[in-house]
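Visitor: Sharing final-v4.cif, mmCIF, C-alpha atoms:
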```cif
data_model
loop_
_atom_site.label_atom_id
_atom_site.label_comp_id
_atom_site.auth_asym_id
_atom_site.auth_seq_id
_atom_site.Cartn_x
_atom_site.Cartn_y
_atom_site.Cartn_z
CA MET A 1132 -24.21 -16.67 9.68
CA ASP A 1133 -26.76 -18.18 7.31
CA ARG A 1134 -24.55 -19.92 4.73
CA SER A 1135 -27.40 -20.81 2.41
CA ARG A 1136 -28.09 -17.29 1.27
CA HIS A 1137 -26.58 -13.84 1.81
CA SER A 1138 -27.88 -10.62 0.31
CA THR A 1139 -25.10 -8.07 0.70
CA ALA A 1140 -23.86 -4.82 -0.76
CA VAL A 1141 -21.11 -6.74 -2.53
CA GLY A 1142 -22.94 -9.47 -4.38
CA VAL A 1143 -25.37 -12.31 -3.76
CA ALA A 1144 -24.40 -15.73 -2.44
CA THR A 1145 -25.96 -19.03 -3.37
CA THR A 1146 -25.10 -22.17 -1.41
CA ALA A 1147 -22.70 -23.34 1.27
CA ASP A 1148 -19.00 -23.46 1.91
CA GLY A 1149 -17.48 -22.57 -1.40
CA GLY A 1150 -17.94 -25.21 -4.11
CA ASN A 1151 -20.79 -23.20 -5.62
CA GLU A 1152 -20.54 -21.16 -8.80
CA GLN A 1153 -20.91 -17.65 -7.40
CA GLY A 1154 -19.66 -17.90 -3.82
CA ASP A 1155 -20.62 -15.58 -1.00
CA TRP A 1156 -19.80 -12.32 -2.79
CA ASP A 1157 -18.34 -10.80 -5.93
CA PRO A 1158 -15.22 -8.64 -5.34
CA ARG A 1159 -15.95 -6.83 -8.61
CA GLU A 1160 -19.16 -5.40 -7.13
CA VAL A 1161 -17.93 -3.63 -4.02
CA GLY A 1162 -19.31 -0.29 -5.26
CA ASP A 1163 -17.89 3.19 -4.85
CA ASP A 1164 -16.87 2.82 -1.20
CA GLN A 1165 -14.76 -0.29 -0.72
CA VAL A 1166 -14.18 0.37 2.97
CA GLN A 1167 -17.86 0.41 3.93
CA ALA A 1168 -18.57 -2.57 1.68
CA TYR A 1169 -15.91 -4.65 3.41
CA ASP A 1170 -17.23 -3.58 6.82
CA ALA A 1171 -20.67 -4.83 5.82
CA LEU A 1172 -19.30 -8.09 4.45
CA ARG A 1173 -17.26 -8.78 7.60
CA ALA A 1174 -20.36 -8.31 9.76
CA ARG A 1175 -22.39 -10.77 7.67
CA CYS A 1176 -19.83 -13.28 6.42
CA PRO A 1177 -16.40 -12.86 8.07
CA VAL A 1178 -14.87 -15.75 6.11
CA ALA A 1179 -16.27 -15.25 2.62
CA HIS A 1180 -15.75 -17.29 -0.52
CA SER A 1181 -15.64 -15.91 -4.06
CA GLN A 1182 -14.52 -17.19 -7.44
CA ALA A 1183 -12.20 -14.20 -7.91
CA GLN A 1184 -10.38 -14.22 -4.56
CA GLY A 1185 -10.93 -17.65 -3.08
CA TRP A 1186 -11.39 -17.44 0.68
CA SER A 1187 -11.33 -13.89 2.05
CA LEU A 1188 -10.38 -13.32 5.68
CA LEU A 1189 -12.04 -10.20 7.08
CA ARG A 1190 -11.46 -10.54 10.83
CA HIS A 1191 -8.35 -9.38 12.67
CA ALA A 1192 -7.83 -12.68 14.53
CA ASP A 1193 -8.10 -14.76 11.34
CA ALA A 1194 -5.68 -12.51 9.47
CA LEU A 1195 -3.18 -12.56 12.33
CA ALA A 1196 -3.36 -16.36 12.48
CA ALA A 1197 -2.68 -16.62 8.74
CA LEU A 1198 0.21 -14.14 8.85
CA THR A 1199 1.96 -15.95 11.68
CA ASP A 1200 1.44 -19.52 10.42
CA PRO A 1201 3.30 -19.76 7.10
CA ALA A 1202 3.37 -23.55 7.36
CA THR A 1203 -0.41 -23.55 6.90
CA PHE A 1204 -0.86 -20.33 4.91
CA SER A 1205 1.88 -20.46 2.30
CA SER A 1206 3.07 -17.42 0.36
CA ARG A 1207 3.58 -19.52 -2.77
CA VAL A 1208 0.44 -18.26 -4.47
CA SER A 1209 1.57 -18.27 -8.09
CA ALA A 1210 3.44 -20.40 -10.58
CA HIS A 1211 5.88 -17.48 -10.87
CA VAL A 1212 7.85 -17.31 -7.63
CA ALA A 1213 8.30 -13.77 -6.33
CA VAL A 1214 11.57 -13.09 -4.48
CA PRO A 1215 11.19 -13.18 -1.52
CA ASN A 1216 7.43 -12.46 -1.19
CA GLY A 1217 6.39 -15.74 -2.81
CA MET A 1218 8.75 -17.94 -0.80
CA ASP A 1219 8.47 -19.84 2.46
CA GLY A 1220 10.75 -21.26 5.14
CA ALA A 1221 14.53 -21.29 4.78
CA GLU A 1222 14.38 -20.13 1.16
CA HIS A 1223 12.41 -17.06 2.17
CA ALA A 1224 14.73 -16.36 5.09
CA ALA A 1225 17.83 -16.43 2.88
CA PHE A 1226 16.46 -13.97 0.33
CA ARG A 1227 14.65 -11.87 2.93
CA ALA A 1228 18.03 -11.25 4.57
CA VAL A 1229 19.17 -9.62 1.31
CA VAL A 1230 16.15 -7.33 1.33
CA ASP A 1231 16.53 -6.50 5.02
CA ARG A 1232 20.09 -5.34 4.41
CA CYS A 1233 18.65 -2.79 1.96
CA PHE A 1234 16.51 -1.25 4.70
CA THR A 1235 18.82 -0.99 7.69
CA PRO A 1236 18.05 1.88 10.10
CA GLN A 1237 21.37 3.50 9.16
CA ARG A 1238 20.66 3.41 5.43
CA VAL A 1239 17.11 4.70 5.92
CA ALA A 1240 18.23 7.54 8.22
CA ALA A 1241 20.92 8.61 5.75
CA PHE A 1242 18.22 9.00 3.09
CA ALA A 1243 16.30 11.64 5.06
CA PRO A 1244 17.99 14.74 3.53
CA GLU A 1245 17.22 13.55 0.00
CA LEU A 1246 13.60 12.87 0.97
CA ARG A 1247 13.31 16.38 2.39
CA ARG A 1248 14.63 17.77 -0.89
CA ILE A 1249 12.10 15.78 -2.95
CA ALA A 1250 9.16 16.55 -0.66
CA GLY A 1251 10.14 20.20 -0.33
CA GLY A 1252 10.26 20.71 -4.09
CA LEU A 1253 6.86 19.13 -4.69
CA VAL A 1254 5.20 20.95 -1.80
CA ALA A 1255 6.69 24.26 -2.99
CA GLY A 1256 4.88 23.71 -6.28
CA ILE A 1257 1.61 23.19 -4.43
CA ALA A 1258 2.20 26.26 -2.25
CA ALA A 1259 2.73 28.41 -5.33
CA GLU A 1260 -0.74 27.64 -6.69
CA ASP A 1261 -3.47 30.23 -6.14
CA GLY A 1262 -6.42 27.88 -6.54
CA PRO A 1263 -7.31 24.29 -5.65
CA VAL A 1264 -4.67 21.62 -6.10
CA GLU A 1265 -5.17 17.93 -6.94
CA VAL A 1266 -2.95 16.13 -4.44
CA MET A 1267 -2.51 12.73 -6.06
CA THR A 1268 -0.98 14.03 -9.30
CA ALA A 1269 0.81 16.98 -7.69
CA LEU A 1270 2.26 15.12 -4.71
CA GLY A 1271 1.30 11.50 -3.97
CA GLU A 1272 2.27 9.85 -7.26
CA PRO A 1273 5.42 11.85 -8.07
CA TYR A 1274 6.66 11.69 -4.48
CA ALA A 1275 6.39 7.89 -4.36
CA ALA A 1276 8.13 7.46 -7.72
CA LEU A 1277 10.88 10.03 -7.13
CA ALA A 1278 11.60 8.66 -3.66
CA GLN A 1279 11.85 5.13 -5.01
CA CYS A 1280 14.23 6.15 -7.77
CA ALA A 1281 16.40 8.13 -5.37
CA TYR A 1282 16.59 5.30 -2.85
CA LEU A 1283 17.71 2.84 -5.53
CA GLY A 1284 20.09 5.39 -7.06
CA TRP A 1285 18.19 5.58 -10.35
CA PRO A 1286 17.93 8.77 -12.44
CA ALA A 1287 14.95 10.97 -11.60
CA GLU A 1288 13.63 10.71 -15.16
CA VAL A 1289 12.85 7.02 -14.57
CA ALA A 1290 10.10 8.16 -12.16
CA ASP A 1291 7.79 8.97 -15.09
CA ALA A 1292 8.18 5.45 -16.45
CA LEU A 1293 7.42 4.01 -13.00
CA ARG A 1294 4.24 6.09 -12.70
CA GLU A 1295 3.12 4.99 -16.17
CA TRP A 1296 3.80 1.36 -15.30
CA SER A 1297 1.88 1.61 -12.03
CA ALA A 1298 -1.19 3.10 -13.75
CA ASP A 1299 -1.12 0.53 -16.56
CA SER A 1300 -0.70 -2.33 -14.10
CA GLN A 1301 -3.72 -1.24 -12.05
CA ARG A 1302 -5.88 -0.89 -15.17
CA ALA A 1303 -4.93 -4.35 -16.42
CA THR A 1304 -5.53 -5.86 -12.97
CA ARG A 1305 -9.01 -4.33 -12.73
CA ALA A 1306 -9.83 -5.60 -16.22
CA ARG A 1307 -8.41 -9.05 -15.40
CA ASP A 1308 -6.53 -8.85 -18.69
CA ARG A 1309 -3.85 -11.51 -18.32
CA ALA A 1310 -2.18 -10.75 -21.64
CA GLU A 1311 -1.94 -7.03 -20.86
CA LEU A 1312 -0.63 -7.78 -17.36
CA ASP A 1313 2.13 -9.87 -18.92
CA ARG A 1314 3.01 -7.06 -21.33
CA VAL A 1315 3.05 -4.48 -18.55
CA ALA A 1316 5.22 -6.73 -16.37
CA ALA A 1317 7.67 -7.32 -19.21
CA ARG A 1318 7.95 -3.57 -19.79
CA PHE A 1319 8.65 -2.99 -16.11
CA ASP A 1320 11.28 -5.73 -16.08
CA GLN A 1321 13.00 -3.93 -18.95
CA ILE A 1322 13.21 -0.78 -16.81
CA ILE A 1323 14.85 -2.71 -13.99
CA VAL A 1324 17.29 -4.55 -16.25
CA ALA A 1325 18.34 -1.25 -17.84
CA GLU A 1326 19.15 0.19 -14.41
CA LEU A 1327 21.05 -2.94 -13.38
CA ASP A 1328 23.09 -2.66 -16.57
CA ARG A 1329 23.67 1.05 -15.95
CA ALA A 1330 25.05 0.26 -12.48
CA ARG A 1331 27.34 -2.43 -13.91
CA VAL A 1332 28.82 0.08 -16.37
CA HIS A 1333 29.03 3.03 -13.96
CA ASP A 1334 30.65 2.03 -10.69
CA SER A 1335 30.42 5.54 -9.20
CA PRO A 1336 28.60 6.89 -7.34
CA ARG A 1337 27.86 3.76 -5.34
CA THR A 1338 24.12 3.20 -5.03
CA LEU A 1339 21.77 0.65 -3.50
CA THR A 1340 21.57 -0.98 -6.92
CA HIS A 1341 25.32 -1.62 -6.72
CA VAL A 1342 24.82 -3.14 -3.27
CA LEU A 1343 22.19 -5.51 -4.65
CA LEU A 1344 24.45 -6.55 -7.52
CA ALA A 1345 27.12 -7.56 -4.99
CA GLU A 1346 24.73 -9.62 -2.82
CA GLN A 1347 24.98 -13.38 -2.46
CA VAL A 1348 22.67 -16.19 -1.33
CA ASP A 1349 24.10 -19.59 -0.33
CA GLY A 1350 27.54 -18.49 -1.49
CA ARG A 1351 26.53 -17.48 -5.01
CA ALA A 1352 25.66 -14.22 -6.74
CA LEU A 1353 22.02 -13.46 -7.38
CA THR A 1354 20.77 -14.10 -10.90
CA ASP A 1355 19.31 -11.28 -12.96
CA GLY A 1356 15.90 -12.93 -12.60
CA GLU A 1357 16.20 -12.86 -8.81
CA LEU A 1358 17.40 -9.26 -8.79
CA VAL A 1359 14.55 -8.18 -11.06
CA SER A 1360 12.02 -9.97 -8.87
CA ILE A 1361 13.35 -8.35 -5.67
CA VAL A 1362 13.25 -4.85 -7.13
CA ARG A 1363 9.89 -5.44 -8.82
CA ASN A 1364 8.27 -6.59 -5.60
CA TRP A 1365 9.35 -3.75 -3.41
CA THR A 1366 8.93 -1.10 -6.12
CA ALA A 1367 5.40 -2.26 -6.92
CA GLY A 1368 4.45 -2.17 -3.26
CA GLU A 1369 6.16 1.13 -2.61
CA LEU A 1370 4.64 3.06 -5.50
CA GLY A 1371 1.06 2.06 -4.79
CA THR A 1372 1.02 2.21 -1.01
CA ILE A 1373 3.04 5.40 -0.47
CA SER A 1374 1.05 7.29 -3.08
CA ALA A 1375 -2.24 6.01 -1.63
CA ALA A 1376 -1.11 6.79 1.92
CA VAL A 1377 -0.28 10.39 1.01
CA GLY A 1378 -3.74 10.86 -0.46
CA ILE A 1379 -5.43 9.25 2.54
CA ILE A 1380 -3.55 11.43 5.04
CA VAL A 1381 -4.17 14.67 3.17
CA GLU A 1382 -7.86 13.84 2.63
CA PHE A 1383 -8.29 13.00 6.31
CA LEU A 1384 -6.68 16.24 7.52
CA ALA A 1385 -8.53 18.36 4.95
CA ARG A 1386 -11.85 16.89 6.08
CA ARG A 1387 -11.12 17.16 9.82
CA PRO A 1388 -9.73 20.58 10.77
CA VAL A 1389 -9.59 19.66 14.46
CA VAL A 1390 -7.13 16.84 13.75
CA GLN A 1391 -5.21 19.08 11.36
CA ASP A 1392 -4.86 21.69 14.10
CA LEU A 1393 -3.74 19.00 16.55
CA VAL A 1394 -0.88 17.66 14.42
CA ARG A 1395 0.19 21.18 13.51
CA ALA A 1396 0.45 22.09 17.18
CA GLN A 1397 1.99 18.79 18.35
CA PRO A 1398 4.48 17.33 15.85
CA GLY A 1399 5.13 14.41 18.19
CA LEU A 1400 1.63 13.11 17.46
CA ARG A 1401 2.09 12.97 13.71
CA GLN A 1402 3.37 9.38 13.43
CA PRO A 1403 0.69 7.78 15.64
CA ALA A 1404 -1.93 9.97 13.98
CA MET A 1405 -0.87 8.75 10.53
CA ASP A 1406 -0.97 5.12 11.70
CA GLU A 1407 -4.54 5.64 12.87
CA MET A 1408 -5.56 7.37 9.65
CA LEU A 1409 -4.13 4.47 7.65
CA ARG A 1410 -5.93 1.98 9.88
CA LEU A 1411 -9.21 3.70 9.12
CA GLU A 1412 -8.54 3.86 5.37
CA ALA A 1413 -6.16 1.12 4.23
CA PRO A 1414 -3.66 2.06 1.50
CA LEU A 1415 -3.25 -1.63 0.60
CA ILE A 1416 -6.39 -3.66 -0.06
CA SER A 1417 -5.20 -7.25 0.17
CA ASN A 1418 -2.47 -9.87 0.40
CA ARG A 1419 -2.65 -13.45 -0.78
CA ARG A 1420 -1.83 -16.84 0.71
CA ARG A 1421 -2.55 -20.49 -0.17
CA THR A 1422 -3.45 -23.22 2.30
CA THR A 1423 -1.24 -26.28 2.63
CA ARG A 1424 -3.86 -28.36 4.47
CA PRO A 1425 -7.56 -28.17 5.32
CA VAL A 1426 -7.94 -25.51 8.00
CA PRO A 1427 -11.02 -24.49 10.04
CA VAL A 1428 -11.58 -20.73 10.09
CA GLY A 1429 -14.65 -18.95 11.43
CA GLY A 1430 -16.84 -22.04 11.47
CA ARG A 1431 -15.93 -23.00 7.91
CA THR A 1432 -13.26 -25.31 6.52
CA ILE A 1433 -10.90 -23.95 3.91
CA PRO A 1434 -9.64 -26.90 1.83
CA ALA A 1435 -5.99 -27.65 1.13
CA GLY A 1436 -4.50 -25.79 -1.80
CA ALA A 1437 -7.13 -23.05 -1.69
CA PRO A 1438 -6.34 -19.38 -2.42
CA VAL A 1439 -6.78 -17.09 0.58
CA THR A 1440 -7.07 -13.30 0.54
CA ILE A 1441 -6.48 -11.10 3.59
CA VAL A 1442 -8.72 -8.05 3.13
CA TRP A 1443 -7.01 -5.24 5.04
CA PRO A 1444 -9.78 -2.61 5.16
CA ALA A 1445 -12.03 -5.11 6.96
CA VAL A 1446 -9.29 -6.52 9.21
CA GLN A 1447 -8.13 -3.09 10.33
CA ARG A 1448 -11.64 -1.98 11.34
CA ASP A 1449 -12.68 -5.16 13.15
CA PRO A 1450 -14.87 -4.14 16.14
CA ASP A 1451 -13.72 -7.24 18.06
CA VAL A 1452 -10.29 -5.58 18.33
CA PHE A 1453 -10.88 -1.86 17.88
CA ASP A 1454 -13.46 -0.10 20.05
CA ASP A 1455 -15.39 2.44 17.95
CA PRO A 1456 -13.53 1.08 14.89
CA THR A 1457 -14.61 3.89 12.55
CA VAL A 1458 -13.54 6.65 14.98
CA PHE A 1459 -10.12 8.34 14.95
CA ARG A 1460 -8.48 7.72 18.32
CA LEU A 1461 -4.91 8.13 19.53
CA ASP A 1462 -5.28 5.97 22.64
CA ARG A 1463 -5.26 2.62 20.83
CA ASP A 1464 -2.68 -0.11 21.41
CA PRO A 1465 -0.26 0.22 18.47
CA ALA A 1466 0.37 -3.53 18.61
CA ASP A 1467 -3.14 -4.10 17.24
CA ASN A 1468 -2.47 -2.11 14.08
CA LEU A 1469 -1.42 -4.46 11.27
CA LEU A 1470 -0.50 -1.64 8.89
CA TYR A 1471 2.88 -3.20 8.15
CA GLY A 1472 1.76 -6.81 8.54
CA ARG A 1473 3.07 -9.39 10.99
CA GLY A 1474 5.03 -12.63 10.93
CA PRO A 1475 7.97 -13.54 8.65
CA HIS A 1476 6.58 -11.51 5.74
CA TYR A 1477 6.07 -8.25 7.63
CA CYS A 1478 6.95 -5.20 5.52
CA PRO A 1479 10.75 -4.83 5.37
CA GLY A 1480 10.37 -1.20 4.32
CA GLU A 1481 8.40 -0.14 7.41
CA GLY A 1482 11.15 2.24 8.57
CA LEU A 1483 11.50 3.82 5.14
CA SER A 1484 7.74 4.17 4.72
CA ARG A 1485 7.39 5.88 8.10
CA LEU A 1486 10.21 8.24 7.21
CA GLU A 1487 8.74 9.05 3.79
CA LEU A 1488 5.28 9.77 5.18
CA GLY A 1489 6.60 11.72 8.15
CA ILE A 1490 8.78 13.95 5.98
CA VAL A 1491 6.10 14.69 3.40
CA LEU A 1492 3.58 15.53 6.14
CA ASP A 1493 6.09 17.82 7.85
CA ALA A 1494 6.75 19.56 4.54
CA LEU A 1495 3.03 20.05 3.89
CA LEU A 1496 2.23 21.46 7.31
CA GLU A 1497 5.25 23.77 7.29
CA ALA A 1498 4.60 25.20 3.83
CA LEU A 1499 0.80 25.30 3.70
CA PRO A 1500 -1.65 27.18 5.89
CA PRO A 1501 -4.79 25.33 7.04
CA PHE A 1502 -6.45 23.62 4.08
CA ARG A 1503 -9.77 21.94 3.32
CA LEU A 1504 -11.29 19.78 0.62
CA ALA A 1505 -12.19 21.51 -2.63
CA GLY A 1506 -14.90 19.09 -3.70
CA GLU A 1507 -15.61 15.49 -2.82
CA PRO A 1508 -12.64 13.12 -3.34
CA VAL A 1509 -12.86 10.26 -5.84
CA ARG A 1510 -12.15 6.86 -4.32
CA ALA A 1511 -9.92 4.29 -5.97
CA SER A 1512 -11.42 1.08 -7.32
CA ALA A 1513 -10.21 -2.39 -6.36
CA PRO A 1514 -7.47 -3.53 -6.34
CA ALA A 1515 -6.12 -0.07 -5.46
CA GLY A 1516 -6.75 1.61 -2.11
CA GLY A 1517 -7.24 5.22 -1.11
CA PHE A 1518 -8.23 7.86 -3.64
CA VAL A 1519 -7.56 8.69 -7.27
CA GLU A 1520 -8.41 12.37 -6.77
CA VAL A 1521 -8.13 14.62 -3.70
CA ARG A 1522 -8.48 18.34 -4.31
CA ILE A 1523 -7.60 20.81 -1.55
CA GLU A 1524 -7.62 24.57 -1.11
CA ARG A 1525 -6.61 27.01 1.60
CA THR A 1526 -9.25 27.45 4.29
CA GLN A 1527 -9.11 31.23 3.94
CA ALA A 1528 -9.82 31.98 0.29
CA ALA A 1529 -7.34 34.34 -1.34
CA SER A 1530 -8.46 37.76 -2.48
CA ASN A 1531 -8.97 38.29 -6.20
CA THR A 1532 -7.14 41.59 -5.92
CA PRO A 1533 -3.68 41.00 -7.46
CA ALA A 1534 -1.94 43.12 -4.84
CA GLN A 1535 -3.44 41.06 -2.03
CA ARG A 1536 -3.25 37.61 -3.63
CA GLN A 1537 -0.85 35.33 -1.79
CA PRO A 1538 0.26 31.78 -2.46
CA TRP A 1539 -0.44 29.01 -0.01
#
```
Show me the file's structure as structure tokens.

Guide:
Amino acid sequence: MDRSRHSTAVGVATTADGGNEQGDWDPREVGDDQVQAYDALRARCPVAHSQAQGWSLLRHADALAALTDPATFSSRVSAHVAVPNGMDGAEHAAFRAVVDRCFTPQRVAAFAPELRRIAGGLVAGIAAEDGPVEVMTALGEPYAALAQCAYLGWPAEVADALREWSADSQRATRARDRAELDRVAARFDQIIVAELDRARVHDSPRTLTHVLLAEQVDGRALTDGELVSIVRNWTAGELGTISAAVGIIVEFLARRPVVQDLVRAQPGLRQPAMDEMLRLEAPLISNRRRTTRPVPVGGRTIPAGAPVTIVWPAVQRDPDVFDDPTVFRLDRDPADNLLYGRGPHYCPGEGLSRLELGIVLDALLEALPPFRLAGEPVRASAPAGGFVEVRIERTQAASNTPAQRQPW
């Protein structure tokens, strides 16, 4: 790599290893297709520096090393500690145990009937439409919000407030508007506090929110600040990634009828197929770390105390790990797929996420005949992944004759 000058699709670099004004790239200039831009950046500058993101890791091996070495790549990336995402060591382990108890296999499995009800209702609305349907607003966003509310035991009407918060948060993040981000965060915290208070007043039916209120760490009850942080962290991650994942899966199947036919015919292939789709098109763009010491990575030295960003679309399509990295294949080693992370901060909701995506895909394929894209999808802009618009229609167009018109 020539560190003195890089001309790339994502910005122009100036000098060497990071102390320069512009860095190797500008994350704000990735263009309309983030995935291809990150592929190009990884090929030219696999450890790239920018003012906005610090040091970006774009190779699978570098990301895996960072994820599994929390002593060097700390999760304390902000002055505001996130519980438990922004913790390390024994402190993280103590609070992570609380979160893990919220996602036991038994609790997740017991949630399946409610997920089927939510997915079935939304898919029935899609099936009733005669013309094209926009999937993100009709399915992805409401499914993620309704599922999150149901899992926590919150009223379904809170889902609209969660969707509004998610949209506002993404807009403020893209605009780098710190004041607006603080206002949006405060509004979201108010939603959580209201539901904690509701659970304190109404002891029945028992919900996951009641379970959280009864939790302890080091022999003491959790503070409201800790409870809010726990719920904020997993809700924020859940809303964005599940919604994005639904859009990615539907777009992929609508664009590739052969794969759609395959998963219709062989339900046992649906989970590995979804993992591969989400490797090709990451629903989450990045995670952050901070170095605790100078560390050599990819021929460069990241200084102590430097922000580090793991860029998932690049990591998950690294040709050093994945043969034909842009090709859909079901013969890959699942251990290479970092969809749910690795190390002490791996996603605690992996089981729930797999269940949510599996149930919504089953509902779609059972209720809808073969479908295709109805126009080119609109990709999301950083920091969001996936798509903001995916329109689909039945492959066989319905007749305009009222007597012959049929729903999906």

Visitor: What is the distance between CA of Val1212 in chain A and CA of Arg1363 in chain A, in Å to one decimal?

Guide: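 Taking CA of Val1212 in chain A as the start and CA of Arg1363 in chain A as the end point, the length is 12.1 Å.
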
Visitor: Between A:Val1452, A:Ala1505, A:Val1324, A:Leu1492, which has the minimum distance to Val1362 in chain A (counting only C-alpha atoms)?

Guide: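 Ranking A:Val1452, A:Ala1505, A:Val1324, A:Leu1492 by distance to Val1362 in chain A, first place goes to A:Val1324.
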
Visitor: I'd like the residues picked by the PyMOL selection byres ((chain A and resi 1514) around 10) written out as a list in words, using the chain letters and numbers from the file.

Guide: Pro1158, Arg1159, Gln1165, Gln1301, Arg1302, Thr1304, Arg1305, Leu1415, Ile1416, Ser1417, Ala1511, Ser1512, Ala1513, Ala1515 and Gly1516 of chain A

Visitor: The PyMOL selection byres ((chain A and resi 1220) around 10) on the file shown: which residues, as a PyMOL selection string?

Guide: chain A and resi 1201-1202+1205-1206+1218-1219+1221-1225+1475

Visitor: Between CA of Leu1246 in chain A and CA of Thr1338 in chain A, what is the spacing in Å?

Guide: 15.5 Å

Visitor: How many Å lie between CA of Gly1474 in chain A and CA of Trp1156 in chain A, rounded to one decimal?

Guide: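 Atom-to-atom, CA of Gly1474 in chain A to CA of Trp1156 in chain A, that is 28.4 Å.
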
Visitor: Please write the residues picked by the PyMOL selection byres ((chain A and resi 1525) around 12) on this file as a compact mmCIF listing (two decimals) with C-alpha atoms, in the coordinates of the input.

Guide:
```txt
# COMPACT_ATOMS: atom_id res chain seq x y z
CA ILE A 1257 1.61 23.19 -4.43
CA ALA A 1258 2.20 26.26 -2.25
CA ALA A 1259 2.73 28.41 -5.33
CA GLU A 1260 -0.74 27.64 -6.69
CA ASP A 1261 -3.47 30.23 -6.14
CA GLY A 1262 -6.42 27.88 -6.54
CA PRO A 1263 -7.31 24.29 -5.65
CA VAL A 1264 -4.67 21.62 -6.10
CA ALA A 1385 -8.53 18.36 4.95
CA PRO A 1388 -9.73 20.58 10.77
CA LEU A 1496 2.23 21.46 7.31
CA ALA A 1498 4.60 25.20 3.83
CA LEU A 1499 0.80 25.30 3.70
CA PRO A 1500 -1.65 27.18 5.89
CA PRO A 1501 -4.79 25.33 7.04
CA PHE A 1502 -6.45 23.62 4.08
CA ARG A 1503 -9.77 21.94 3.32
CA LEU A 1504 -11.29 19.78 0.62
CA ALA A 1505 -12.19 21.51 -2.63
CA ARG A 1522 -8.48 18.34 -4.31
CA ILE A 1523 -7.60 20.81 -1.55
CA GLU A 1524 -7.62 24.57 -1.11
CA THR A 1526 -9.25 27.45 4.29
CA GLN A 1527 -9.11 31.23 3.94
CA ALA A 1528 -9.82 31.98 0.29
CA ALA A 1529 -7.34 34.34 -1.34
CA SER A 1530 -8.46 37.76 -2.48
CA GLN A 1537 -0.85 35.33 -1.79
CA PRO A 1538 0.26 31.78 -2.46
CA TRP A 1539 -0.44 29.01 -0.01
```

Visitor: Could you check which of A:Ala1375, A:Leu1343, A:Leu1195, A:Val1442 is closest to Phe1234 in chain A, using only C-alpha atoms?

Guide: A:Leu1343

Visitor: Choose the residue, out of A:Arg1351, A:Arg1510, A:Arg1175, A:Arg1329, that has the smallest atom-to-atom separation from Pro1414 in chain A; count all atoms listed in the file.

Guide: A:Arg1510

Visitor: Neighbourhood query: residues within 12 Å of (5.7, -14.3, -10.1), file coordinates, counting only C-alpha atoms; return as a ChimeraX atom specification.

Guide: /A:1206-1218,1312-1313,1316-1317,1320,1356-1357,1359-1361,1363-1364

Visitor: Between A:Gly1472, A:Pro1236, A:Gly1399, A:Gly1271, single out the one closest to Gly1371 in chain A, counting all atoms listed in the file.

Guide: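 Nearest candidate to Gly1371 in chain A out of A:Gly1472, A:Pro1236, A:Gly1399, A:Gly1271: A:Gly1271.
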
Visitor: Counting all atoms listed in the file, write as a PyMOL selection string all protein and nucleic acid residues lying at most 12 Å from (4.6, 2.6, -26.3) in the file's frame.

Guide: chain A and resi 1292+1295-1296+1299+1314-1315+1318

Visitor: N, CA and C atoms are what I want for range 1512-1522 of chain A; can you complete it accordingly and write them as a short mmCIF file (atom, residue, chain, number, x, y, z; two decimals), in the frame of the given file?

Guide:
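Just written: rebuild22.cif:
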```
data_model
loop_
_atom_site.label_atom_id
_atom_site.label_comp_id
_atom_site.auth_asym_id
_atom_site.auth_seq_id
_atom_site.Cartn_x
_atom_site.Cartn_y
_atom_site.Cartn_z
N SER A 1512 -10.71 2.35 -7.14
CA SER A 1512 -11.42 1.08 -7.32
C SER A 1512 -10.47 -0.08 -7.05
N ALA A 1513 -11.02 -1.19 -6.59
CA ALA A 1513 -10.21 -2.39 -6.36
C ALA A 1513 -9.47 -2.76 -7.65
N PRO A 1514 -8.18 -3.13 -7.55
CA PRO A 1514 -7.47 -3.53 -6.34
C PRO A 1514 -6.70 -2.42 -5.66
N ALA A 1515 -6.85 -1.17 -6.09
CA ALA A 1515 -6.12 -0.07 -5.46
C ALA A 1515 -6.88 0.43 -4.24
N GLY A 1516 -6.14 1.02 -3.29
CA GLY A 1516 -6.75 1.61 -2.11
C GLY A 1516 -6.64 3.12 -2.14
N GLY A 1517 -7.33 3.77 -1.22
CA GLY A 1517 -7.24 5.22 -1.11
C GLY A 1517 -8.09 5.95 -2.13
N PHE A 1518 -7.50 6.96 -2.75
CA PHE A 1518 -8.23 7.86 -3.64
C PHE A 1518 -7.47 8.06 -4.95
N VAL A 1519 -8.20 8.32 -6.01
CA VAL A 1519 -7.56 8.69 -7.27
C VAL A 1519 -7.56 10.20 -7.46
N GLU A 1520 -8.38 10.91 -6.68
CA GLU A 1520 -8.41 12.37 -6.77
C GLU A 1520 -8.75 12.96 -5.41
N VAL A 1521 -7.90 13.86 -4.94
CA VAL A 1521 -8.13 14.62 -3.70
C VAL A 1521 -7.75 16.06 -3.99
N ARG A 1522 -8.73 16.93 -4.03
CA ARG A 1522 -8.48 18.34 -4.31
C ARG A 1522 -8.58 19.12 -3.00
#
```
